[in-house]
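**Q** Contents of query.csv (CSV, C-alpha atoms) are below:
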```
chain,number,residue,atom,x,y,z
X,1,MET,CA,-29.1,-47.4,-60.3
X,2,SER,CA,-28.4,-44.8,-63.1
X,3,SER,CA,-30.9,-46.5,-65.4
X,4,GLU,CA,-33.7,-45.6,-63.0
X,5,SER,CA,-32.7,-42.0,-63.0
X,6,SER,CA,-33.1,-41.8,-66.8
X,7,THR,CA,-36.7,-43.0,-66.6
X,8,GLY,CA,-39.8,-41.0,-65.6
X,9,PRO,CA,-41.5,-41.4,-62.3
X,10,GLU,CA,-44.2,-44.0,-61.7
X,11,MET,CA,-47.4,-42.7,-60.4
X,12,SER,CA,-51.1,-43.6,-59.9
X,13,ALA,CA,-53.8,-42.2,-62.2
X,14,THR,CA,-55.0,-40.0,-59.3
X,15,THR,CA,-51.6,-38.5,-58.7
X,16,LYS,CA,-51.2,-37.8,-62.4
X,17,GLN,CA,-54.5,-36.0,-62.3
X,18,MET,CA,-53.5,-34.0,-59.2
X,19,LEU,CA,-50.2,-33.0,-60.8
X,20,ALA,CA,-52.1,-31.7,-63.9
X,21,ARG,CA,-54.1,-29.4,-61.5
X,22,VAL,CA,-50.9,-28.3,-59.7
X,23,ARG,CA,-49.4,-27.4,-63.1
X,24,GLN,CA,-52.2,-24.9,-63.7
X,25,MET,CA,-50.9,-22.8,-60.8
X,26,VAL,CA,-47.3,-22.8,-62.1
X,27,PRO,CA,-46.6,-19.4,-63.7
X,28,PRO,CA,-45.4,-19.5,-67.3
X,29,MET,CA,-42.2,-17.6,-68.1
X,30,LEU,CA,-43.4,-14.3,-69.6
X,31,GLU,CA,-41.4,-11.2,-70.6
X,32,LYS,CA,-43.9,-9.0,-68.8
X,33,PHE,CA,-43.0,-10.4,-65.3
X,34,HIS,CA,-40.5,-8.4,-63.2
X,35,LYS,CA,-38.3,-9.5,-60.4
X,36,GLY,CA,-40.1,-10.7,-57.3
X,37,GLN,CA,-43.5,-11.4,-58.8
X,38,LEU,CA,-43.0,-15.1,-58.9
X,39,GLY,CA,-42.1,-15.6,-55.3
X,40,ARG,CA,-40.3,-14.0,-52.4
X,41,VAL,CA,-39.5,-16.5,-49.7
X,42,ALA,CA,-37.7,-16.1,-46.4
X,43,VAL,CA,-36.4,-19.0,-44.3
X,44,ILE,CA,-36.1,-18.2,-40.6
X,45,GLY,CA,-33.7,-20.4,-38.8
X,46,GLY,CA,-30.0,-21.1,-38.9
X,47,SER,CA,-27.9,-21.1,-35.8
X,48,GLU,CA,-24.3,-21.7,-34.9
X,49,ASP,CA,-24.8,-25.5,-34.9
X,50,TYR,CA,-27.2,-25.7,-37.8
X,51,THR,CA,-26.3,-23.9,-41.0
X,52,GLY,CA,-27.2,-26.5,-43.6
X,53,ALA,CA,-30.9,-26.7,-43.0
X,54,PRO,CA,-31.9,-23.1,-43.9
X,55,TYR,CA,-29.5,-23.2,-46.9
X,56,PHE,CA,-31.2,-26.4,-48.3
X,57,SER,CA,-34.6,-25.0,-47.8
X,58,ALA,CA,-33.8,-21.6,-49.4
X,59,MET,CA,-31.9,-23.2,-52.3
X,60,ALA,CA,-34.8,-25.6,-53.0
X,61,SER,CA,-37.1,-22.7,-53.2
X,62,ALA,CA,-34.7,-20.8,-55.5
X,63,ARG,CA,-34.0,-23.8,-57.7
X,64,LEU,CA,-37.7,-24.6,-58.1
X,65,GLY,CA,-38.3,-21.1,-59.4
X,66,SER,CA,-38.9,-18.6,-56.6
X,67,ASP,CA,-37.5,-15.2,-57.7
X,68,LEU,CA,-36.0,-14.2,-54.3
X,69,SER,CA,-34.8,-16.4,-51.5
X,70,HIS,CA,-33.8,-15.0,-48.1
X,71,VAL,CA,-32.4,-16.6,-45.0
X,72,ILE,CA,-32.9,-14.9,-41.7
X,73,CYS,CA,-30.5,-16.3,-39.1
X,74,THR,CA,-27.9,-15.5,-36.4
X,75,PRO,CA,-24.8,-13.6,-37.3
X,76,ASN,CA,-22.4,-16.5,-36.9
X,77,ALA,CA,-24.7,-18.7,-39.0
X,78,ALA,CA,-24.9,-15.9,-41.6
X,79,GLN,CA,-21.1,-15.9,-42.1
X,80,VAL,CA,-21.2,-19.6,-42.9
X,81,ILE,CA,-24.3,-19.6,-45.1
X,82,LYS,CA,-23.0,-16.8,-47.2
X,83,THR,CA,-20.1,-19.0,-48.2
X,84,TYR,CA,-22.4,-21.7,-49.5
X,85,SER,CA,-24.0,-19.6,-52.2
X,86,PRO,CA,-24.0,-16.0,-53.5
X,87,ASN,CA,-27.6,-16.6,-54.8
X,88,LEU,CA,-29.2,-16.2,-51.4
X,89,MET,CA,-29.8,-13.0,-49.4
X,90,VAL,CA,-28.7,-13.7,-45.9
X,91,HIS,CA,-29.8,-11.4,-43.0
X,92,PRO,CA,-28.1,-11.8,-39.6
X,93,LEU,CA,-31.1,-10.6,-37.6
X,94,MET,CA,-31.8,-13.5,-35.3
X,95,ARG,CA,-30.0,-13.7,-31.9
X,96,SER,CA,-29.3,-16.6,-29.5
X,97,SER,CA,-28.8,-16.6,-25.7
X,98,PRO,CA,-25.5,-15.4,-24.3
X,99,LEU,CA,-23.0,-18.2,-23.8
X,100,ALA,CA,-21.6,-19.1,-20.4
X,101,LEU,CA,-17.8,-19.2,-20.6
X,102,SER,CA,-15.6,-21.0,-18.1
X,103,THR,CA,-13.1,-18.7,-16.5
X,104,SER,CA,-11.2,-20.9,-14.1
X,105,ASP,CA,-10.6,-24.5,-13.2
X,106,SER,CA,-12.7,-24.0,-10.1
X,107,GLY,CA,-15.8,-24.0,-12.2
X,108,SER,CA,-16.7,-20.3,-11.9
X,109,SER,CA,-18.1,-18.7,-15.0
X,110,SER,CA,-19.1,-15.5,-16.5
X,111,SER,CA,-21.5,-14.7,-19.3
X,112,LEU,CA,-20.8,-12.8,-22.5
X,113,THR,CA,-22.3,-9.4,-22.1
X,114,LYS,CA,-24.9,-8.4,-24.7
X,115,SER,CA,-27.0,-5.4,-25.1
X,116,ALA,CA,-30.7,-5.5,-24.4
X,117,PRO,CA,-31.6,-5.6,-28.2
X,118,ASP,CA,-29.6,-8.8,-28.5
X,119,THR,CA,-31.4,-10.6,-25.7
X,120,ASP,CA,-35.0,-9.2,-25.9
X,121,PRO,CA,-37.1,-11.3,-28.3
X,122,THR,CA,-39.5,-8.4,-28.8
X,123,GLN,CA,-36.8,-6.1,-30.0
X,124,ILE,CA,-35.2,-8.9,-32.2
X,125,ALA,CA,-38.5,-9.7,-33.8
X,126,ALA,CA,-39.1,-6.0,-34.4
X,127,GLN,CA,-36.1,-6.1,-36.8
X,128,ILE,CA,-37.6,-9.0,-38.7
X,129,ILE,CA,-41.3,-8.1,-39.0
X,130,PRO,CA,-40.7,-5.0,-41.2
X,131,MET,CA,-39.4,-7.4,-43.9
X,132,PHE,CA,-42.9,-8.9,-44.2
X,133,ASP,CA,-44.0,-6.1,-46.6
X,134,ARG,CA,-41.6,-7.5,-49.2
X,135,LEU,CA,-42.1,-11.2,-48.6
X,136,HIS,CA,-44.8,-13.6,-49.8
X,137,VAL,CA,-44.0,-16.8,-47.8
X,138,LEU,CA,-42.2,-17.7,-44.6
X,139,VAL,CA,-40.5,-21.0,-43.8
X,140,ILE,CA,-39.9,-21.1,-40.0
X,141,GLY,CA,-37.8,-23.8,-38.3
X,142,PRO,CA,-34.9,-25.1,-40.4
X,143,GLY,CA,-31.8,-25.0,-38.2
X,144,LEU,CA,-33.7,-23.0,-35.6
X,145,GLY,CA,-32.6,-25.0,-32.6
X,146,ARG,CA,-34.1,-24.8,-29.1
X,147,ASP,CA,-32.4,-21.7,-27.8
X,148,PRO,CA,-35.1,-19.9,-25.7
X,149,ILE,CA,-34.4,-16.5,-27.3
X,150,MET,CA,-34.6,-18.0,-30.8
X,151,GLN,CA,-37.8,-19.8,-29.9
X,152,GLU,CA,-39.5,-16.8,-28.3
X,153,THR,CA,-38.5,-14.6,-31.2
X,154,CYS,CA,-40.1,-17.0,-33.7
X,155,ALA,CA,-43.3,-17.1,-31.6
X,156,LYS,CA,-43.6,-13.4,-32.0
X,157,VAL,CA,-42.7,-13.6,-35.7
X,158,ILE,CA,-45.4,-16.2,-36.2
X,159,THR,CA,-48.0,-14.1,-34.4
X,160,ALA,CA,-47.1,-11.0,-36.5
X,161,ALA,CA,-47.1,-13.0,-39.8
X,162,ARG,CA,-50.5,-14.5,-38.9
X,163,GLU,CA,-51.9,-11.0,-38.4
X,164,LYS,CA,-50.8,-10.0,-41.8
X,165,GLY,CA,-52.1,-13.2,-43.4
X,166,ILE,CA,-48.7,-14.4,-44.6
X,167,PRO,CA,-48.5,-18.1,-45.5
X,168,MET,CA,-46.1,-20.1,-43.3
X,169,VAL,CA,-44.5,-23.5,-43.5
X,170,LEU,CA,-43.4,-24.7,-40.0
X,171,ASP,CA,-40.9,-27.5,-39.6
X,172,ALA,CA,-38.3,-28.9,-37.2
X,173,ASP,CA,-37.9,-27.0,-33.9
X,174,ALA,CA,-40.6,-24.4,-34.9
X,175,LEU,CA,-43.0,-27.2,-34.3
X,176,LEU,CA,-42.0,-27.2,-30.6
X,177,LEU,CA,-43.7,-23.8,-30.4
X,178,VAL,CA,-46.9,-25.3,-31.6
X,179,VAL,CA,-46.5,-28.1,-29.1
X,180,LYS,CA,-46.1,-25.6,-26.3
X,181,ASP,CA,-48.9,-23.3,-27.5
X,182,PRO,CA,-51.1,-24.7,-30.3
X,183,SER,CA,-53.1,-21.4,-30.3
X,184,LEU,CA,-50.2,-19.8,-32.2
X,185,ILE,CA,-51.4,-21.3,-35.4
X,186,LYS,CA,-54.7,-23.0,-34.5
X,187,GLY,CA,-57.4,-22.1,-37.0
X,188,TYR,CA,-54.9,-20.4,-39.3
X,189,ASP,CA,-55.6,-21.9,-42.7
X,190,ASN,CA,-52.5,-20.2,-44.3
X,191,ALA,CA,-50.2,-22.4,-42.2
X,192,VAL,CA,-48.6,-25.7,-43.2
X,193,LEU,CA,-46.9,-28.1,-40.7
X,194,THR,CA,-44.5,-30.8,-42.0
X,195,PRO,CA,-43.7,-33.0,-38.9
X,196,ASN,CA,-41.6,-36.1,-39.0
X,197,VAL,CA,-42.9,-39.2,-37.1
X,198,VAL,CA,-41.5,-38.0,-33.7
X,199,GLU,CA,-42.8,-34.5,-34.1
X,200,PHE,CA,-46.2,-35.8,-35.3
X,201,GLY,CA,-46.5,-37.7,-32.0
X,202,ARG,CA,-45.6,-34.7,-29.9
X,203,LEU,CA,-48.3,-32.6,-31.7
X,204,THR,CA,-51.0,-35.2,-31.3
X,205,LYS,CA,-50.2,-35.4,-27.6
X,206,ALA,CA,-50.2,-31.6,-27.2
X,207,LEU,CA,-53.5,-31.4,-29.0
X,208,GLY,CA,-55.0,-34.2,-26.8
X,209,VAL,CA,-55.8,-36.4,-29.8
X,210,ASP,CA,-53.0,-39.0,-29.3
X,211,GLU,CA,-55.5,-41.7,-28.1
X,212,GLU,CA,-57.8,-40.8,-31.0
X,213,VAL,CA,-54.9,-41.1,-33.4
X,214,LYS,CA,-53.9,-44.5,-32.0
X,215,LYS,CA,-57.5,-45.7,-32.3
X,216,ALA,CA,-57.6,-44.4,-35.9
X,217,GLU,CA,-54.4,-46.2,-36.7
X,218,GLU,CA,-56.0,-49.5,-35.6
X,219,THR,CA,-59.5,-49.1,-37.0
X,220,ALA,CA,-59.8,-46.4,-39.6
X,221,GLY,CA,-58.0,-45.7,-42.9
X,222,GLU,CA,-54.4,-44.8,-43.3
X,223,THR,CA,-55.2,-41.1,-43.6
X,224,ALA,CA,-57.1,-41.0,-40.3
X,225,LYS,CA,-54.2,-39.8,-38.2
X,226,VAL,CA,-53.3,-36.7,-40.2
X,227,GLU,CA,-57.0,-35.9,-40.5
X,228,ALA,CA,-57.5,-36.0,-36.8
X,229,LEU,CA,-54.5,-33.7,-36.1
X,230,ALA,CA,-55.6,-31.2,-38.8
X,231,LYS,CA,-59.1,-31.1,-37.4
X,232,ALA,CA,-57.7,-30.5,-33.9
X,233,LEU,CA,-55.6,-27.6,-35.2
X,234,GLY,CA,-58.7,-26.0,-36.7
X,235,GLY,CA,-58.0,-26.5,-40.4
X,236,VAL,CA,-54.2,-26.1,-40.5
X,237,MET,CA,-52.7,-28.1,-43.3
X,238,VAL,CA,-50.6,-31.0,-42.0
X,239,LEU,CA,-48.3,-33.1,-44.1
X,240,GLN,CA,-47.6,-36.5,-42.6
X,241,LYS,CA,-44.4,-37.8,-44.2
X,242,GLY,CA,-43.8,-41.5,-44.8
X,243,ALA,CA,-43.8,-44.2,-47.4
X,244,LYS,CA,-46.6,-42.1,-48.9
X,245,ASP,CA,-47.2,-38.5,-47.9
X,246,TYR,CA,-50.6,-37.7,-46.6
X,247,LEU,CA,-51.8,-34.1,-46.4
X,248,SER,CA,-55.0,-32.8,-44.9
X,249,ASP,CA,-56.7,-29.7,-43.6
X,250,GLY,CA,-59.3,-31.9,-41.8
X,251,LYS,CA,-61.8,-31.5,-44.6
X,252,VAL,CA,-59.9,-32.6,-47.7
X,253,THR,CA,-57.1,-35.2,-47.7
X,254,LEU,CA,-54.7,-35.9,-50.5
X,255,THR,CA,-52.1,-38.7,-50.9
X,256,VAL,CA,-48.8,-38.4,-52.7
X,257,ASP,CA,-47.7,-41.8,-53.8
X,258,LEU,CA,-44.8,-41.0,-56.0
X,259,LYS,CA,-41.8,-43.3,-55.3
X,260,GLY,CA,-38.9,-41.7,-53.4
X,261,GLY,CA,-35.4,-42.9,-52.6
X,262,LEU,CA,-34.6,-45.3,-49.8
X,263,LYS,CA,-31.9,-43.2,-48.0
X,264,ARG,CA,-33.1,-41.2,-45.0
X,265,SER,CA,-30.2,-38.8,-44.6
X,266,GLY,CA,-30.8,-35.6,-42.7
X,267,GLY,CA,-31.9,-32.5,-44.5
X,268,GLN,CA,-34.3,-33.9,-47.0
X,269,GLY,CA,-37.2,-32.3,-45.2
X,270,ASP,CA,-35.6,-28.9,-45.9
X,271,THR,CA,-36.0,-29.5,-49.6
X,272,LEU,CA,-39.7,-30.2,-48.9
X,273,THR,CA,-40.2,-26.9,-47.0
X,274,GLY,CA,-38.5,-24.8,-49.6
X,275,SER,CA,-40.4,-26.5,-52.4
X,276,ILE,CA,-43.8,-26.0,-50.7
X,277,ALA,CA,-42.8,-22.3,-50.1
X,278,THR,CA,-42.3,-21.7,-53.8
X,279,PHE,CA,-45.6,-23.3,-54.7
X,280,LEU,CA,-47.2,-21.0,-52.1
X,281,GLY,CA,-45.5,-18.0,-53.8
X,282,TRP,CA,-47.0,-19.2,-57.1
X,283,ARG,CA,-50.3,-19.5,-55.4
X,284,LYS,CA,-50.2,-15.8,-54.7
X,285,ALA,CA,-49.2,-15.1,-58.3
X,286,TYR,CA,-52.2,-17.2,-59.4
X,287,LEU,CA,-54.6,-15.4,-57.1
X,288,ASP,CA,-53.2,-12.0,-58.2
X,289,GLY,CA,-54.0,-12.9,-61.8
X,290,LEU,CA,-50.5,-12.3,-63.1
X,291,TRP,CA,-51.2,-14.3,-66.2
X,292,ASP,CA,-54.2,-15.4,-68.1
X,293,HIS,CA,-55.0,-18.8,-66.5
X,294,GLY,CA,-58.8,-18.8,-66.8
X,295,ASN,CA,-59.4,-19.2,-63.1
X,296,LYS,CA,-59.9,-22.9,-63.5
X,297,LEU,CA,-58.8,-23.6,-59.9
X,298,LYS,CA,-60.8,-22.7,-56.9
X,299,LYS,CA,-59.1,-20.5,-54.2
X,300,GLU,CA,-59.9,-23.0,-51.5
X,301,GLU,CA,-58.0,-25.8,-53.2
X,302,LEU,CA,-54.8,-23.9,-53.9
X,303,MET,CA,-53.2,-24.5,-50.5
X,304,GLY,CA,-53.6,-28.3,-50.9
X,305,LEU,CA,-52.3,-28.2,-54.4
X,306,ALA,CA,-49.2,-26.2,-53.3
X,307,VAL,CA,-48.4,-28.7,-50.6
X,308,PHE,CA,-49.0,-31.6,-53.0
X,309,GLY,CA,-46.7,-30.0,-55.5
X,310,GLY,CA,-43.9,-29.5,-52.9
X,311,SER,CA,-44.2,-33.1,-51.7
X,312,ALA,CA,-44.2,-34.4,-55.3
X,313,ILE,CA,-41.0,-32.4,-56.2
X,314,THR,CA,-39.2,-33.6,-53.0
X,315,ARG,CA,-40.1,-37.3,-53.6
X,316,GLU,CA,-38.9,-37.1,-57.2
X,317,CYS,CA,-35.7,-35.4,-56.1
X,318,SER,CA,-35.2,-38.2,-53.7
X,319,ARG,CA,-35.8,-40.9,-56.3
X,320,LEU,CA,-33.4,-39.3,-58.8
X,321,ALA,CA,-30.7,-38.7,-56.2
X,322,PHE,CA,-30.9,-42.2,-54.8
X,323,ALA,CA,-30.7,-43.7,-58.3
X,324,LYS,CA,-27.4,-41.9,-58.7
X,325,LYS,CA,-25.9,-42.0,-55.2
X,326,GLY,CA,-27.5,-44.9,-53.4
X,327,ARG,CA,-26.6,-45.2,-49.8
X,328,SER,CA,-24.1,-42.3,-50.1
X,329,LEU,CA,-27.0,-39.9,-50.8
X,330,GLN,CA,-26.9,-36.5,-48.9
X,331,ALA,CA,-29.3,-33.6,-48.7
X,332,SER,CA,-27.2,-31.6,-51.2
X,333,ASP,CA,-27.9,-34.3,-53.8
X,334,LEU,CA,-31.6,-33.5,-53.7
X,335,THR,CA,-30.8,-29.8,-54.3
X,336,ASP,CA,-29.1,-30.7,-57.5
X,337,GLU,CA,-32.1,-32.6,-58.8
X,338,VAL,CA,-34.8,-29.9,-58.2
X,339,HIS,CA,-35.0,-28.7,-61.8
X,340,THR,CA,-34.9,-32.1,-63.3
X,341,ALA,CA,-37.7,-33.2,-60.9
X,342,PHE,CA,-39.8,-30.3,-62.0
X,343,LEU,CA,-39.4,-31.1,-65.7
X,344,ASN,CA,-40.2,-34.8,-65.0
X,345,LEU,CA,-43.4,-33.9,-63.2
X,346,PHE,CA,-44.6,-30.8,-65.1
X,347,GLY,CA,-42.5,-30.4,-68.3
X,348,GLU,CA,-41.8,-27.0,-69.7
X,349,VAL,CA,-44.5,-24.6,-68.6
X,350,ASP,CA,-45.2,-21.8,-71.1
X,351,ALA,CA,-48.1,-19.5,-71.9
X,352,LYS,CA,-50.0,-22.2,-73.7
X,353,LEU,CA,-51.7,-23.8,-70.8
```
Would you give me this structure, written as structure tokens?
**A**
Amino acid sequence: MSSESSTGPEMSATTKQMLARVRQMVPPMLEKFHKGQLGRVAVIGGSEDYTGAPYFSAMASARLGSDLSHVICTPNAAQVIKTYSPNLMVHPLMRSSPLALSTSDSGSSSSLTKSAPDTDPTQIAAQIIPMFDRLHVLVIGPGLGRDPIMQETCAKVITAAREKGIPMVLDADALLLVVKDPSLIKGYDNAVLTPNVVEFGRLTKALGVDEEVKKAEETAGETAKVEALAKALGGVMVLQKGAKDYLSDGKVTLTVDLKGGLKRSGGQGDTLTGSIATFLGWRKAYLDGLWDHGNKLKKEELMGLAVFGGSAITRECSRLAFAKKGRSLQASDLTDEVHTAFLNLFGEVDAKL
């Protein structure tokens, strides 16, 4: 297996051309840049039961090249995540519902008492929203869980982020919020959804396009499903993961056909969300004109290029890690391959573009 990791990735001519375009939005390393200009990403999630997912997402973002990576999670998750890496800024601002504790063998119970700010999603969100002024991109969902206070807090955070025009990547249990209330992100073209096959099915059912998707699967092309969902969401970018990744905003559809690994361990999707977030941070740097890039890319294509780049990085990480680890592959193995994957796909990026 190790021989495959030493060779470059195989790709179609179309994918090679797309990666060349993605490369144009990757900032060169210049002395004039200062801390934070090349991406400030926050991952919102992380609960007592799920501490790995936000870590993998934030670390993928950092390893790919984001300047600052934050994790916003519950206090008990923060204590654990801080032990994983000193490179992440961890903020224990999220709160979960009080736990019911058994007090006797008869089955009576009492609840942990918490102050109103710890149980009111509006007040919890009010502690998070002020951070938006120093962030470029949000990833919402990794390790979030289904706790009602956590879910409602994130709904308020999404609404506030949308009002400020902040790009968002929604994954995992954050997608349940879209299932319950599609209007949260419907029509917001700065949002990216990255559902797995089960989550994709829930979304199509919630949007009332499940029958259309089934028919498309039988009669239309292989990208018809993701196109139908993206259209139903009013132009939101949807990434449909699979043997190939398909991404669409309902108008433009792209296919990422880079070979990935064969192991489907949990947590690999978190590398994807963090990678997309970094490219979205670079998208802002490109639009801000932080370096002389000649404006060769159109603004309307940058979202698709960012998602394409994040998908390509993740698939190459998976290929490299699987070549080394085979069936023992774990999500942390992808984290270790992020920089090598970047070099394999884009090479060294300097000022001579």
**Q** Could you list, as a list of chain:residue names, every residue within 9 Å of Leu175 in chain X, counting only C-alpha atoms and ignoring same-chain residues fewer than 5 positions away?
**A**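 The residues that qualify are X:Ile140, X:Gly141, X:Leu170, X:Lys180, X:Leu193, X:Thr194, X:Pro195, X:Glu199, X:Leu203.
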**Q** Can you tell me how far CA of Pro27 in chain X sits from CA of Ser248 in chain X, in Å to one decimal?
**A**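 Distance reported for this atom pair: 24.6 Å.
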**Q** Given all atoms listed in the file as the basis, pick out the residue of X:Val80, X:Gly250, X:Gly201, X:Val43 nearest to Cys154 in chain X.
**A**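 Closest residue, counting all atoms listed in the file: X:Val43.
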**Q** Could you name the residues that touch Ala125 in chain X at 8 Å or less, counting all atoms listed in the file, but leaving out those on the same chain fewer than 5 positions away, as a list of chain:residue names?
**A**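 Answer for this query is X:Met94, X:Thr153, X:Cys154, X:Lys156, X:Val157.
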**Q** With C-alpha atoms retained, export the selected residues as a PDB file, keeping the file's coordinate frame.
**A**
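Dumped everything to out_22.pdb:
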```
ATOM      1  CA  MET X  94     -31.800 -13.500 -35.300  1.00  0.00           C
ATOM      2  CA  THR X 153     -38.500 -14.600 -31.200  1.00  0.00           C
ATOM      3  CA  CYS X 154     -40.100 -17.000 -33.700  1.00  0.00           C
ATOM      4  CA  LYS X 156     -43.600 -13.400 -32.000  1.00  0.00           C
ATOM      5  CA  VAL X 157     -42.700 -13.600 -35.700  1.00  0.00           C
TER       6      VAL X 157
END
```
**Q** With distances taken over all atoms listed in the file, which residue among X:Gly347, X:Gly326, X:Gly39, X:Pro117 lies nearest Lys263 in chain X?
**A**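 Once distances to Lys263 in chain X are computed over all atoms listed in the file, the minimum belongs to X:Gly326.
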**Q** Within 8 Å of range 59-66 of chain X, counting all atoms listed in the file, which residues show up once you throw out same-chain ones fewer than 4 positions away? Write them as a PyMOL selection string, please.
**A** chain X and resi 38-41+55+88+270-272+274-278+281+335+338-339+342
**Q** To one decimal place in Å, what is the distance between CA of Pro121 in chain X and CA of Leu93 in chain X?
**A** 11.1 Å
**Q** So, counting all atoms listed in the file, which residue among X:Gly165, X:Glu152, X:Gly266, X:Ser328 is closest to Lys284 in chain X?
**A**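 Smallest distance to Lys284 in chain X is found for X:Gly165.
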**Q** How many Å lie between CA of Arg264 in chain X and CA of Ala321 in chain X, rounded to one decimal?
**A**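 Rounded to one decimal, the two atoms are 11.7 Å apart.
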**Q** Of the candidates X:Thr223, X:Thr340, X:Asn190, X:Asn196, which one gets nearest to Val236 in chain X if we count all atoms listed in the file?
**A**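 Between X:Thr223, X:Thr340, X:Asn190, X:Asn196, the residue approaching Val236 in chain X most closely is X:Asn190.
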**Q** Hey, which of X:Ile185, X:Asp333, X:Phe322, X:Cys317 ends up closest to Leu345 in chain X? Count all atoms listed in the file.
**A**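 Nearest to Leu345 in chain X: X:Cys317.
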**Q** Of the residues X:Phe56, X:Phe279, X:Tyr84, X:Trp291, which is the one nearest to Arg23 in chain X, using all atoms listed in the file?
**A**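 Among X:Phe56, X:Phe279, X:Tyr84, X:Trp291, it is X:Phe279 that comes nearest to Arg23 in chain X.
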**Q** Near Asp118 in chain X, within 9 Å and counting all atoms listed in the file, which residues show up once chain neighbours fewer than 3 positions away are dropped, as a short mmCIF file (atom, residue, chain, number, x, y, z; two decimals) with C-alpha atoms, in the frame of the given file?
**A**
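Wrote selection_1.cif, looks like this:
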```cif
data_model
loop_
_atom_site.label_atom_id
_atom_site.label_comp_id
_atom_site.auth_asym_id
_atom_site.auth_seq_id
_atom_site.Cartn_x
_atom_site.Cartn_y
_atom_site.Cartn_z
CA MET X 94 -31.80 -13.50 -35.30
CA ARG X 95 -30.00 -13.70 -31.90
CA SER X 96 -29.30 -16.60 -29.50
CA SER X 97 -28.80 -16.60 -25.70
CA PRO X 98 -25.50 -15.40 -24.30
CA LYS X 114 -24.90 -8.40 -24.70
CA SER X 115 -27.00 -5.40 -25.10
CA PRO X 121 -37.10 -11.30 -28.30
CA GLN X 123 -36.80 -6.10 -30.00
CA ILE X 124 -35.20 -8.90 -32.20
#
```
**Q** Using all atoms listed in the file, which residues sit within 6 Å of Asp245 in chain X once same-chain residues fewer than 2 positions away are excluded, as a short mmCIF file (atom, residue, chain, number, x, y, z; two decimals) with C-alpha atoms, keeping the file's coordinate frame?
**A**
```
data_model
loop_
_atom_site.label_atom_id
_atom_site.label_comp_id
_atom_site.auth_asym_id
_atom_site.auth_seq_id
_atom_site.Cartn_x
_atom_site.Cartn_y
_atom_site.Cartn_z
CA GLN X 240 -47.60 -36.50 -42.60
CA LYS X 241 -44.40 -37.80 -44.20
CA GLY X 242 -43.80 -41.50 -44.80
CA THR X 255 -52.10 -38.70 -50.90
CA VAL X 256 -48.80 -38.40 -52.70
#
```
**Q** Would you be able to write out as a PyMOL selection string which residues have an atom within 10 Å of (-40.0, -36.0, -55.7) in the file's coordinates, counting only C-alpha atoms?
**A** chain X and resi 9+256-261+271-272+309-321+334+337-338+340-342+344-345
**Q** For range 244-252 of chain X, supply N, CA, C and O atoms and format the output as a tab-separated table (two decimals), in the coordinates of the input.
**A**
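That gives us selection_21.tsv:
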```tsv
chain	number	residue	atom	x	y	z
X	244	LYS	N	-45.78	-43.05	-48.07
X	244	LYS	CA	-46.60	-42.10	-48.90
X	244	LYS	C	-46.76	-40.87	-48.03
X	244	LYS	O	-46.74	-40.93	-46.80
X	245	ASP	N	-46.92	-39.74	-48.68
X	245	ASP	CA	-47.20	-38.50	-47.90
X	245	ASP	C	-48.68	-38.27	-47.92
X	245	ASP	O	-49.35	-38.34	-48.96
X	246	TYR	N	-49.21	-37.99	-46.72
X	246	TYR	CA	-50.60	-37.70	-46.60
X	246	TYR	C	-50.73	-36.22	-46.12
X	246	TYR	O	-50.06	-35.81	-45.17
X	247	LEU	N	-51.58	-35.46	-46.79
X	247	LEU	CA	-51.80	-34.10	-46.40
X	247	LEU	C	-53.25	-33.79	-46.23
X	247	LEU	O	-54.06	-34.25	-47.03
X	248	SER	N	-53.57	-33.04	-45.18
X	248	SER	CA	-55.00	-32.80	-44.90
X	248	SER	C	-55.16	-31.50	-44.12
X	248	SER	O	-54.29	-31.10	-43.34
X	249	ASP	N	-56.29	-30.85	-44.36
X	249	ASP	CA	-56.70	-29.70	-43.60
X	249	ASP	C	-57.88	-30.09	-42.66
X	249	ASP	O	-58.53	-29.23	-42.07
X	250	GLY	N	-58.16	-31.39	-42.58
X	250	GLY	CA	-59.30	-31.90	-41.80
X	250	GLY	C	-60.55	-32.04	-42.58
X	250	GLY	O	-61.48	-32.71	-42.13
X	251	LYS	N	-60.59	-31.42	-43.75
X	251	LYS	CA	-61.80	-31.50	-44.60
X	251	LYS	C	-61.42	-32.30	-45.89
X	251	LYS	O	-62.16	-33.19	-46.29
X	252	VAL	N	-60.32	-31.93	-46.51
X	252	VAL	CA	-59.90	-32.60	-47.70
X	252	VAL	C	-58.52	-33.23	-47.46
X	252	VAL	O	-57.63	-32.61	-46.88
```
